[in-house]
>>> print(open('data.csv').read())   # CSV, C-alpha atoms
chain,number,residue,atom,x,y,z
Y,1,MET,CA,13.8,-33.9,-3.4
Y,2,VAL,CA,10.7,-31.7,-3.6
Y,3,ASP,CA,10.0,-30.4,-7.1
Y,4,GLU,CA,9.7,-26.7,-6.4
Y,5,ARG,CA,9.1,-25.9,-10.1
Y,6,GLU,CA,6.2,-28.3,-10.2
Y,7,TYR,CA,4.6,-26.6,-7.2
Y,8,PHE,CA,5.3,-23.2,-8.8
Y,9,GLU,CA,3.5,-24.2,-12.0
Y,10,ARG,CA,0.5,-25.8,-10.2
Y,11,LEU,CA,0.0,-22.8,-7.9
Y,12,SER,CA,0.4,-20.4,-10.9
Y,13,ASP,CA,-2.3,-22.3,-12.8
Y,14,ILE,CA,-4.7,-22.1,-9.9
Y,15,LEU,CA,-4.2,-18.4,-9.6
Y,16,ARG,CA,-4.8,-18.0,-13.3
Y,17,ARG,CA,-7.9,-20.1,-13.3
Y,18,HIS,CA,-9.5,-18.0,-10.5
Y,19,GLY,CA,-8.7,-14.5,-11.9
Y,20,PHE,CA,-5.6,-13.7,-9.9
Y,21,ASP,CA,-3.4,-13.0,-12.9
Y,22,TRP,CA,-2.4,-9.7,-11.4
Y,23,VAL,CA,-0.7,-11.5,-8.5
Y,24,LEU,CA,1.3,-13.5,-11.0
Y,25,THR,CA,2.4,-10.3,-12.9
Y,26,GLN,CA,3.7,-8.8,-9.7
Y,27,VAL,CA,5.4,-12.0,-8.6
Y,28,GLN,CA,7.0,-12.3,-12.0
Y,29,ALA,CA,8.3,-8.7,-11.8
Y,30,GLU,CA,10.0,-9.5,-8.5
Y,31,ILE,CA,11.5,-12.8,-9.9
Y,32,SER,CA,12.8,-11.0,-13.0
Y,33,GLU,CA,14.6,-8.4,-10.9
Y,34,GLY,CA,16.5,-11.1,-9.1
Y,35,ARG,CA,18.5,-10.5,-5.9
Y,36,THR,CA,21.4,-8.1,-5.4
Y,37,VAL,CA,24.4,-9.4,-3.6
Y,38,SER,CA,27.8,-8.0,-2.8
Y,39,LYS,CA,30.8,-9.2,-4.9
Y,40,GLU,CA,34.5,-8.8,-4.1
Y,41,VAL,CA,36.3,-7.7,-7.2
Y,42,SER,CA,39.6,-6.2,-8.2
Y,43,ALA,CA,38.5,-2.9,-9.7
Y,44,PRO,CA,40.5,0.0,-11.2
Y,45,SER,CA,40.4,3.0,-8.8
Y,46,ILE,CA,38.4,5.9,-10.0
Y,47,GLN,CA,40.6,8.9,-10.7
Y,48,SER,CA,39.5,12.5,-10.9
Y,49,GLU,CA,39.9,14.4,-14.2
Y,50,VAL,CA,43.5,15.5,-14.9
Y,51,ASP,CA,45.1,17.8,-17.3
Y,52,PRO,CA,46.7,15.7,-20.0
Y,53,ILE,CA,49.4,18.3,-20.8
Y,54,THR,CA,50.7,18.9,-17.3
Y,55,THR,CA,50.1,15.5,-15.8
Y,56,VAL,CA,52.0,12.3,-16.3
Y,57,ARG,CA,49.5,9.5,-16.9
Y,58,ARG,CA,49.9,6.4,-14.8
Y,59,THR,CA,48.2,3.1,-15.2
Y,60,PRO,CA,45.3,3.1,-12.8
Y,61,GLN,CA,45.9,0.9,-9.8
Y,62,ARG,CA,43.5,-1.9,-9.1
Y,63,ARG,CA,42.1,-2.4,-5.7
Y,64,ARG,CA,40.0,-5.1,-4.0
Y,65,THR,CA,36.6,-3.6,-3.5
Y,66,SER,CA,33.0,-4.7,-2.9
Y,67,LEU,CA,30.6,-4.0,-5.7
Y,68,VAL,CA,27.0,-5.2,-6.3
Y,69,THR,CA,25.8,-7.8,-8.8
Y,70,THR,CA,22.4,-9.3,-9.5
Y,71,VAL,CA,21.8,-13.1,-9.2
Y,72,SER,CA,18.7,-15.1,-10.2
Y,73,LEU,CA,16.4,-16.5,-7.6
Y,74,SER,CA,16.6,-20.2,-6.9
Y,75,PRO,CA,13.5,-22.3,-7.6
Y,76,ARG,CA,12.8,-22.4,-3.9
Y,77,GLU,CA,13.2,-18.6,-3.6
Y,78,GLN,CA,10.8,-18.2,-6.6
Y,79,LEU,CA,8.3,-20.4,-5.0
Y,80,GLU,CA,8.6,-18.5,-1.7
Y,81,VAL,CA,7.9,-15.2,-3.7
Y,82,LEU,CA,4.7,-16.9,-5.1
Y,83,ILE,CA,3.6,-18.1,-1.7
Y,84,ARG,CA,4.1,-14.7,-0.2
Y,85,GLY,CA,2.1,-13.2,-3.1
Y,86,ILE,CA,-0.8,-15.6,-2.3
Y,87,GLU,CA,-0.6,-14.7,1.4
Y,88,SER,CA,-0.8,-11.0,0.6
Y,89,ALA,CA,-3.6,-11.2,-1.9
Y,90,ILE,CA,-5.8,-13.4,0.3
Y,91,ILE,CA,-4.7,-13.5,4.0
Y,92,THR,CA,-3.6,-9.9,4.3
Y,93,ARG,CA,-6.7,-8.8,2.3
Y,94,ALA,CA,-8.9,-10.6,4.9
Y,95,GLU,CA,-6.9,-9.0,7.7
Y,96,LEU,CA,-7.4,-5.6,6.2
Y,97,GLU,CA,-11.1,-5.9,6.0
Y,98,HIS,CA,-11.4,-7.3,9.6
Y,99,SER,CA,-9.3,-4.4,10.9
Y,100,ILE,CA,-11.2,-1.7,8.9
Y,101,PHE,CA,-14.5,-2.8,10.3
Y,102,GLY,CA,-12.9,-3.0,13.8
Y,103,MET,CA,-12.0,0.7,13.5
Y,104,THR,CA,-15.3,1.8,11.9
Y,105,LYS,CA,-17.7,0.2,14.4
Y,106,ARG,CA,-21.1,1.5,13.3
Y,107,VAL,CA,-20.4,1.0,9.6
Y,108,ASN,CA,-21.7,-2.1,7.9
Y,109,GLN,CA,-20.8,-1.4,4.3
Y,110,ILE,CA,-18.1,0.4,2.5
Y,111,VAL,CA,-18.3,1.0,-1.3
Y,112,PHE,CA,-15.6,2.0,-3.8
Y,113,ILE,CA,-16.8,3.8,-6.9
Y,114,PRO,CA,-14.8,5.6,-9.6
Y,115,GLU,CA,-15.5,9.3,-9.8
Y,116,GLU,CA,-16.4,9.3,-13.5
Y,117,SER,CA,-18.6,6.2,-13.1
Y,118,VAL,CA,-22.1,6.3,-14.5
Y,119,GLU,CA,-22.4,2.6,-14.9
Y,120,GLU,CA,-24.6,0.4,-12.8
Y,121,PHE,CA,-22.9,-0.9,-9.6
Y,122,PHE,CA,-21.0,-4.1,-10.4
Y,123,SER,CA,-21.2,-3.9,-14.2
Y,124,ASP,CA,-19.3,-6.3,-16.4
Y,125,ASP,CA,-15.9,-4.7,-16.0
Y,126,ARG,CA,-16.5,-4.3,-12.2
Y,127,PRO,CA,-14.6,-1.1,-11.5
Y,128,SER,CA,-16.8,-0.7,-8.4
Y,129,HIS,CA,-16.6,-3.0,-5.4
Y,130,SER,CA,-17.6,-3.1,-1.8
Y,131,LEU,CA,-16.8,-4.5,1.7
Y,132,GLU,CA,-19.6,-6.0,3.8
Y,133,ARG,CA,-19.3,-6.4,7.6
Y,134,GLN,CA,-21.4,-9.7,7.3
Y,135,GLN,CA,-18.6,-11.2,5.0
Y,136,ILE,CA,-15.9,-10.9,7.7
Y,137,ASP,CA,-16.6,-14.4,9.2
Y,138,VAL,CA,-16.4,-16.0,5.8
Y,139,ALA,CA,-13.2,-14.1,5.0
Y,140,ASP,CA,-11.7,-15.1,8.3
Y,141,ARG,CA,-12.4,-18.8,7.7
Y,142,ILE,CA,-10.7,-18.6,4.2
Y,143,LYS,CA,-7.7,-16.8,5.8
Y,144,ASP,CA,-7.3,-19.4,8.6
Y,145,ASN,CA,-7.6,-22.4,6.2
Y,146,LEU,CA,-5.2,-21.0,3.7
Y,147,SER,CA,-2.7,-19.9,6.3
Y,148,SER,CA,-2.5,-23.4,7.8
Y,149,THR,CA,-2.3,-25.0,4.4
Y,150,LEU,CA,0.5,-22.8,3.3
Y,151,GLN,CA,2.3,-23.5,6.6
Y,152,LYS,CA,2.1,-27.2,5.8
Y,153,LEU,CA,3.4,-26.6,2.3
Y,154,ARG,CA,6.4,-24.7,3.7
Y,155,ALA,CA,7.1,-27.5,6.2
Y,156,ILE,CA,7.2,-30.0,3.3
Y,157,LEU,CA,9.5,-27.8,1.3
Y,158,ASP,CA,11.8,-27.3,4.2
Y,159,ALA,CA,11.9,-31.0,5.0
Y,160,GLY,CA,12.5,-32.0,1.4
Y,161,SER,CA,15.2,-29.6,0.4
E,1,MET,CA,8.9,-36.4,-4.9
E,2,PRO,CA,5.4,-35.8,-6.4
E,3,VAL,CA,3.4,-32.8,-5.3
E,4,HIS,CA,1.0,-33.3,-2.4
E,5,GLU,CA,-2.3,-33.3,-4.3
E,6,ASP,CA,-4.3,-32.9,-1.1
E,7,LEU,CA,-2.5,-29.7,-0.3
E,8,ILE,CA,-2.8,-28.3,-3.8
E,9,SER,CA,-6.5,-29.1,-3.6
E,10,GLU,CA,-6.9,-27.3,-0.3
E,11,ILE,CA,-5.1,-24.3,-1.6
E,12,GLU,CA,-7.3,-24.2,-4.7
E,13,ASN,CA,-10.5,-24.4,-2.5
E,14,SER,CA,-9.3,-21.3,-0.5
E,15,ILE,CA,-8.3,-19.4,-3.6
E,16,ALA,CA,-11.7,-20.2,-5.3
E,17,SER,CA,-13.6,-19.0,-2.2
E,18,ALA,CA,-11.5,-15.8,-2.1
E,19,SER,CA,-12.4,-15.2,-5.7
E,20,GLY,CA,-16.0,-15.5,-4.7
E,21,LEU,CA,-15.5,-12.6,-2.3
E,22,ASN,CA,-14.1,-10.5,-5.2
E,23,TYR,CA,-10.5,-10.7,-3.9
E,24,ASN,CA,-9.4,-11.3,-7.5
E,25,HIS,CA,-10.3,-7.8,-8.6
E,26,PRO,CA,-7.0,-6.4,-9.7
E,27,THR,CA,-7.2,-3.0,-8.1
E,28,ALA,CA,-9.7,-3.6,-5.3
E,29,THR,CA,-7.1,-4.5,-2.6
E,30,ASN,CA,-5.2,-1.3,-3.2
E,31,ASP,CA,-8.5,0.6,-2.6
E,32,VAL,CA,-9.0,-1.4,0.5
E,33,TYR,CA,-5.4,-0.7,1.6
E,34,GLU,CA,-6.0,3.1,1.2
E,35,ASN,CA,-9.1,2.7,3.2
E,36,TYR,CA,-7.2,0.9,5.9
E,37,VAL,CA,-4.6,3.7,6.2
E,38,TRP,CA,-7.5,6.2,6.3
E,39,ALA,CA,-9.1,4.2,9.2
E,40,LEU,CA,-5.7,4.0,11.0
E,41,CYS,CA,-5.4,7.8,10.7
E,42,VAL,CA,-9.0,8.3,12.1
E,43,GLU,CA,-8.3,5.8,14.9
E,44,ALA,CA,-5.0,7.6,15.8
E,45,ALA,CA,-7.1,10.8,16.2
E,46,ARG,CA,-9.7,9.1,18.3
E,47,GLU,CA,-7.0,7.8,20.6
E,48,LYS,CA,-5.8,11.4,21.0
E,49,HIS,CA,-9.3,12.3,22.1
E,50,ALA,CA,-10.7,13.8,18.9
E,51,SER,CA,-14.4,13.4,18.3
E,52,ILE,CA,-15.0,11.7,15.0
E,53,SER,CA,-17.9,12.0,12.5
E,54,TYR,CA,-18.4,11.1,8.9
E,55,GLU,CA,-19.8,13.4,6.3
E,56,THR,CA,-20.3,13.3,2.5
E,57,VAL,CA,-19.6,15.9,-0.1
E,58,SER,CA,-23.3,17.0,0.1
E,59,GLY,CA,-23.0,17.4,3.8
E,60,VAL,CA,-25.0,14.5,5.1
E,61,THR,CA,-24.0,11.8,7.6
E,62,PRO,CA,-23.7,8.5,5.6
E,63,SER,CA,-24.8,5.1,6.7
E,64,ILE,CA,-22.6,3.6,4.0
E,65,LEU,CA,-19.1,4.9,3.5
E,66,THR,CA,-18.2,5.7,-0.2
E,67,PHE,CA,-14.7,6.1,-1.4
E,68,ARG,CA,-13.0,6.7,-4.8
E,69,THR,CA,-11.3,3.9,-6.7
E,70,SER,CA,-8.8,6.4,-8.2
E,71,PRO,CA,-7.7,10.0,-7.2
E,72,GLY,CA,-10.3,12.7,-7.9
E,73,ASN,CA,-11.3,16.2,-7.1
E,74,ILE,CA,-12.3,17.1,-3.5
E,75,TYR,CA,-15.2,19.2,-4.9
E,76,SER,CA,-16.6,16.5,-7.2
E,77,THR,CA,-20.3,15.7,-6.8
E,78,ALA,CA,-20.2,12.8,-9.3
E,79,GLN,CA,-20.6,10.5,-6.3
E,80,ASP,CA,-21.4,11.4,-2.7
E,81,TYR,CA,-18.0,10.5,-1.3
E,82,THR,CA,-17.3,10.2,2.4
E,83,HIS,CA,-14.7,12.0,4.5
E,84,ALA,CA,-14.1,11.9,8.3
E,85,ILE,CA,-14.3,15.1,10.4
E,86,LEU,CA,-11.8,15.3,13.3
E,87,GLU,CA,-12.5,17.7,16.2
E,88,PHE,CA,-9.8,18.3,18.8
E,89,GLU,CA,-10.7,20.6,21.6
E,90,ASN,CA,-10.0,24.3,20.9
E,91,CYS,CA,-8.4,23.4,17.5
E,92,PRO,CA,-9.5,24.1,13.9
E,93,GLN,CA,-11.5,21.1,12.6
E,94,LEU,CA,-9.7,18.7,10.2
E,95,GLU,CA,-11.0,16.4,7.4
E,96,VAL,CA,-9.6,13.0,6.4
E,97,HIS,CA,-10.0,12.1,2.7
E,98,VAL,CA,-9.1,9.2,0.4
E,99,GLY,CA,-7.7,9.9,-3.1
E,100,ILE,CA,-7.8,13.6,-3.6
E,101,ARG,CA,-5.7,15.9,-5.8
E,102,VAL,CA,-3.7,18.7,-4.1
E,103,ILE,CA,-1.8,21.6,-5.6
E,104,GLY,CA,2.0,21.5,-5.0
E,105,LYS,CA,4.5,24.3,-4.6
E,106,SER,CA,5.1,24.2,-8.3
E,107,ARG,CA,1.3,24.6,-8.9
E,108,VAL,CA,1.3,21.1,-10.4
E,109,LEU,CA,-1.5,18.7,-9.2
E,110,HIS,CA,-0.4,15.7,-7.0
E,111,GLU,CA,-2.5,12.8,-5.9
E,112,CYS,CA,-2.7,12.1,-2.2
E,113,ASP,CA,-4.0,8.6,-1.4
E,114,VAL,CA,-4.8,9.7,2.2
E,115,ALA,CA,-4.9,13.4,3.1
E,116,ILE,CA,-5.7,15.2,6.3
E,117,LEU,CA,-6.4,18.9,5.8
E,118,TYR,CA,-8.0,21.8,7.5
E,119,ARG,CA,-11.7,21.7,7.2
E,120,ASP,CA,-12.0,25.4,6.3
E,121,GLU,CA,-9.7,24.7,3.3
E,122,ALA,CA,-11.8,21.7,2.3
E,123,GLN,CA,-15.0,23.7,2.6
E,124,PHE,CA,-13.6,26.5,0.6
E,125,CYS,CA,-12.4,24.1,-2.1
E,126,ARG,CA,-15.8,22.5,-2.3
E,127,SER,CA,-17.6,25.8,-2.7
E,128,GLU,CA,-15.1,27.3,-5.2
E,129,ASN,CA,-14.4,24.1,-7.2
E,130,VAL,CA,-10.7,24.3,-6.6
E,131,HIS,CA,-8.0,21.9,-5.3
E,132,PRO,CA,-6.6,22.2,-1.8
E,133,ARG,CA,-3.2,23.8,-1.3
E,134,ALA,CA,-0.4,21.5,-0.1
E,135,ALA,CA,0.4,23.9,2.7
E,136,ARG,CA,-3.0,23.3,4.2
E,137,VAL,CA,-2.5,19.5,4.2
E,138,LEU,CA,-1.4,18.4,7.6
E,139,ILE,CA,-0.7,14.8,6.8
E,140,ALA,CA,-0.4,13.0,3.4
E,141,ALA,CA,0.2,9.3,2.9
E,142,GLU,CA,1.1,7.5,-0.3
E,143,CYS,CA,-0.3,4.0,0.0
E,144,LYS,CA,0.9,1.0,-2.1
E,145,PHE,CA,-0.4,-2.5,-1.8
E,146,TYR,CA,1.8,-5.1,-3.6
E,147,THR,CA,1.8,-8.8,-3.5
E,148,SER,CA,5.5,-8.8,-4.2
E,149,ALA,CA,8.5,-6.5,-3.5
E,150,LEU,CA,8.1,-2.9,-4.3
E,151,GLN,CA,9.5,-1.6,-7.6
E,152,LEU,CA,12.0,1.2,-7.5
E,153,HIS,CA,10.0,3.6,-9.6
E,154,LEU,CA,7.4,3.9,-6.8
E,155,GLY,CA,10.1,5.2,-4.5
E,156,ARG,CA,11.2,7.8,-7.1
E,157,GLY,CA,7.6,8.9,-7.5
E,158,PHE,CA,7.2,9.4,-3.8
E,159,LEU,CA,10.4,11.5,-3.6
E,160,GLY,CA,9.0,13.8,-6.3
E,161,LEU,CA,5.8,14.2,-4.4
E,162,THR,CA,7.5,15.1,-1.1
E,163,ARG,CA,9.7,17.7,-2.8
E,164,ASP,CA,6.6,19.5,-4.2
E,165,ILE,CA,4.2,19.3,-1.3
E,166,HIS,CA,6.5,19.9,1.7
E,167,ALA,CA,8.4,17.1,3.3
E,168,LYS,CA,6.9,17.2,6.8
E,169,GLU,CA,4.4,14.6,7.8
E,170,ARG,CA,4.5,12.9,4.4
E,171,TYR,CA,4.4,9.1,4.6
E,172,PHE,CA,5.1,6.3,2.1
E,173,VAL,CA,3.0,3.4,3.5
E,174,THR,CA,3.1,-0.1,2.0
E,175,ASN,CA,2.3,-3.7,3.0
E,176,SER,CA,5.3,-4.7,1.1
E,177,GLN,CA,9.1,-4.5,1.5
E,178,SER,CA,12.1,-3.4,-0.6
E,179,ALA,CA,15.6,-2.7,0.7
E,180,SER,CA,16.4,-0.7,-2.4
E,181,VAL,CA,13.4,1.5,-2.2
E,182,ALA,CA,14.0,2.0,1.5
E,183,LYS,CA,17.7,2.9,0.8
E,184,LEU,CA,16.6,5.4,-1.9
E,185,ILE,CA,14.1,7.1,0.3
E,186,ARG,CA,16.4,7.2,3.3
E,187,HIS,CA,19.2,8.6,1.1
E,188,HIS,CA,16.9,11.6,0.3
E,189,GLN,CA,16.0,12.0,4.0
E,190,ALA,CA,12.4,11.1,3.6
E,191,GLU,CA,10.4,8.6,5.7
E,192,TRP,CA,8.9,5.3,4.8
E,193,ASP,CA,6.6,2.7,6.6
E,194,PHE,CA,7.0,-0.7,5.1
E,195,GLY,CA,5.3,-3.9,6.1
E,196,VAL,CA,2.2,-2.1,7.5
E,197,ILE,CA,-0.5,-4.7,7.8
E,198,PRO,CA,-2.9,-5.3,10.7
E,199,SER,CA,-1.0,-8.2,12.2
E,200,ALA,CA,2.4,-6.4,12.2
E,201,THR,CA,3.9,-4.0,14.8
E,202,GLU,CA,4.6,-1.6,11.9
E,203,ALA,CA,0.9,-0.8,11.8
E,204,SER,CA,0.9,0.3,15.5
E,205,GLU,CA,4.1,2.2,14.9
E,206,LEU,CA,2.5,4.1,12.0
E,207,LYS,CA,-0.6,4.9,14.1
E,208,THR,CA,1.7,6.2,16.8
E,209,ARG,CA,3.4,8.5,14.3
E,210,PHE,CA,0.0,9.8,13.1
E,211,GLY,CA,-0.9,10.3,16.8
E,212,ARG,CA,2.3,12.3,17.4
E,213,ALA,CA,1.4,14.5,14.4
E,214,PHE,CA,-2.0,15.1,16.0
E,215,ARG,CA,-0.4,15.8,19.4
E,216,ASN,CA,1.8,18.5,17.8
E,217,PHE,CA,-1.2,19.9,15.9
E,218,VAL,CA,-3.1,20.3,19.3
E,219,ILE,CA,-0.1,21.9,21.0
E,220,ASP,CA,0.4,24.3,18.1
E,221,HIS,CA,-3.2,25.5,18.5
E,222,SER,CA,-3.3,25.7,22.4
>>> encode(input="data.csv", output="structure tokens")
Amino acid sequence: MVDEREYFERLSDILRRHGFDWVLTQVQAEISEGRTVSKEVSAPSIQSEVDPITTVRRTPQRRRTSLVTTVSLSPREQLEVLIRGIESAIITRAELEHSIFGMTKRVNQIVFIPEESVEEFFSDDRPSHSLERQQIDVADRIKDNLSSTLQKLRAILDAGS
Amino acid sequence: MPVHEDLISEIENSIASASGLNYNHPTATNDVYENYVWALCVEAAREKHASISYETVSGVTPSILTFRTSPGNIYSTAQDYTHAILEFENCPQLEVHVGIRVIGKSRVLHECDVAILYRDEAQFCRSENVHPRAARVLIAAECKFYTSALQLHLGRGFLGLTRDIHAKERYFVTNSQSASVAKLIRHHQAEWDFGVIPSATEASELKTRFGRAFRNFVIDHS
């Protein structure tokens, strides 16, 4: 058996060490929500308001019906949420940059600056950031490496479960 | 079975390299995502034969494109922000902005992550220091980049926005997925575009929808 919890902890540690805590926060939010599934239950039928003086009260009938309940994610599902989080934060991010520069052909740099900003570009809290066309090749390499490594990981998990 | 240390090490190398490219900045990818949807909009106009140019608040053609990291005022001169100008033959010019505030029907300000509006309205707003009126916004897109499933409150926020700034050509665009948010938005007869990332067909579908809005705009003015 593959220890999915161990993988989850190790990958979470790596994300924390390299400043991707925000990915973990979003991943944890999804895990906490769980998954909704349908559940067959015998439920009392919902009756409209009746006049208690003119109407004879009967015990509400119970009927089989499909309602919704929430279940926790399995360790494998939790690990999959984390892997998808890593893919979004790094692989999709690299794809976005590649696509943006593909659509803005004569542009080599795009900067993002807060409106109220008076600080120097790239100050300590780094609210400003930029995209550089010359970084696309590096980003593509990171994307390709990570993509193939995560595929290998999924193959191991599928084989071991 | 123990973890494969070689795999863990390879993953760590990639994550460390991505951190070196500033990918670990908590809000940067959302800015990049808005910029991507902005570029998709501009590309859709180009494919419908619009001529495209870039301009800054001060009226110059930029060599570096500058965008906001959070919604602001279209007339702000705090930074020389960039917008695109779209020119369809025999039609009023349009401008494509990232992160501007717009006045809704209730006269409350709303934030549009990507907004396409009439250029005469944008110029008027810049000269008078006022916010654009929602009725003069042709397309508005709410863009959300998430590394996990969308939370329900984002769907609720979008529905509030569509009620106050006209429901037509209002888009909820995200890289992520959520069956419950989709159900909520669909129940209220609004539209959503989930899973919009460059490698997905959803991105070309969204571009087609933007293109259709431009086609209708051209017909309306012919």
>>> residues_around(input="data.csv", residues="Y:Leu79", least_positions_apart="2", cutoff="8 Å", atoms="all atoms listed in the file", output="number ranges by chain")
Y: 4-5, 7-8, 75-77, 81-83
>>> closest_residue(input="data.csv", among="E:Ala84, E:Ala45, E:Ile11, E:Ala190", to="chain Y", atoms="only C-alpha atoms")
E:Ile11
>>> atom_distance(input="data.csv", atom1="atom CA of Y:Thr59", atom2="atom CA of Y:Ile46")
11.4 Å
>>> residues_around(input="data.csv", residues="Y:Gly34", least_positions_apart="2", cutoff="8 Å", atoms="all atoms listed in the file", output="tab-separated table (two decimals) with C-alpha atoms, in the coordinates of the input")
chain	number	residue	atom	x	y	z
Y	30	GLU	CA	10.00	-9.50	-8.50
Y	31	ILE	CA	11.50	-12.80	-9.90
Y	32	SER	CA	12.80	-11.00	-13.00
Y	36	THR	CA	21.40	-8.10	-5.40
Y	70	THR	CA	22.40	-9.30	-9.50
Y	71	VAL	CA	21.80	-13.10	-9.20
Y	72	SER	CA	18.70	-15.10	-10.20
Y	73	LEU	CA	16.40	-16.50	-7.60
>>> interface_residues(input="data.csv", of="chain Y", to="chain E", cutoff="8 Å", atoms="only C-alpha atoms", output="PyMOL selection string")
chain Y and resi 1-3+6-7+10-11+14-15+18-20+22-23+26-27+30+81+84-86+88-90+92-93+95-97+99-100+103-104+107-117+126-129+139+142-143+145-146+149-150+153
>>> build_atoms(input="data.csv", residues="stretch 147-153 of chain E", atoms="all heavy atoms", output="short mmCIF file (atom, residue, chain, number, x, y, z; two decimals), in the frame of the given file")
data_model
loop_
_atom_site.label_atom_id
_atom_site.label_comp_id
_atom_site.auth_asym_id
_atom_site.auth_seq_id
_atom_site.Cartn_x
_atom_site.Cartn_y
_atom_site.Cartn_z
N THR E 147 1.66 -7.45 -3.91
CA THR E 147 1.80 -8.80 -3.50
C THR E 147 3.23 -9.33 -3.65
O THR E 147 3.51 -10.49 -3.41
CB THR E 147 0.84 -9.76 -4.30
OG1 THR E 147 1.14 -9.61 -5.68
CG2 THR E 147 -0.61 -9.42 -4.05
N SER E 148 4.11 -8.43 -4.07
CA SER E 148 5.50 -8.80 -4.20
C SER E 148 6.33 -7.58 -3.72
O SER E 148 5.77 -6.59 -3.26
CB SER E 148 5.86 -9.13 -5.64
OG SER E 148 5.62 -8.00 -6.44
N ALA E 149 7.67 -7.65 -3.89
CA ALA E 149 8.50 -6.50 -3.50
C ALA E 149 8.21 -5.29 -4.28
O ALA E 149 7.85 -5.38 -5.45
CB ALA E 149 9.97 -6.93 -3.61
N LEU E 150 8.36 -4.12 -3.66
CA LEU E 150 8.10 -2.90 -4.30
C LEU E 150 9.08 -2.61 -5.47
O LEU E 150 10.26 -2.95 -5.34
CB LEU E 150 8.26 -1.70 -3.36
CG LEU E 150 7.17 -1.45 -2.35
CD1 LEU E 150 7.52 -0.20 -1.56
CD2 LEU E 150 5.82 -1.27 -3.03
N GLN E 151 8.63 -1.99 -6.53
CA GLN E 151 9.50 -1.60 -7.60
C GLN E 151 10.09 -0.23 -7.35
O GLN E 151 9.43 0.62 -6.73
CB GLN E 151 8.73 -1.59 -8.94
CG GLN E 151 7.99 -2.89 -9.24
CD GLN E 151 8.93 -4.01 -9.67
OE1 GLN E 151 9.56 -3.92 -10.71
NE2 GLN E 151 9.03 -5.05 -8.86
N LEU E 152 11.30 -0.02 -7.83
CA LEU E 152 12.00 1.20 -7.50
C LEU E 152 11.33 2.49 -7.95
O LEU E 152 11.41 3.51 -7.29
CB LEU E 152 13.44 1.12 -8.16
CG LEU E 152 14.52 2.01 -7.57
CD1 LEU E 152 14.72 1.76 -6.09
CD2 LEU E 152 15.83 1.80 -8.32
N HIS E 153 10.61 2.40 -9.07
CA HIS E 153 10.00 3.60 -9.60
C HIS E 153 8.95 4.21 -8.61
O HIS E 153 8.68 5.41 -8.61
CB HIS E 153 9.35 3.38 -10.96
CG HIS E 153 8.15 2.46 -10.93
ND1 HIS E 153 6.87 2.94 -10.77
CD2 HIS E 153 8.06 1.12 -11.01
CE1 HIS E 153 6.04 1.91 -10.78
NE2 HIS E 153 6.74 0.79 -10.91
#
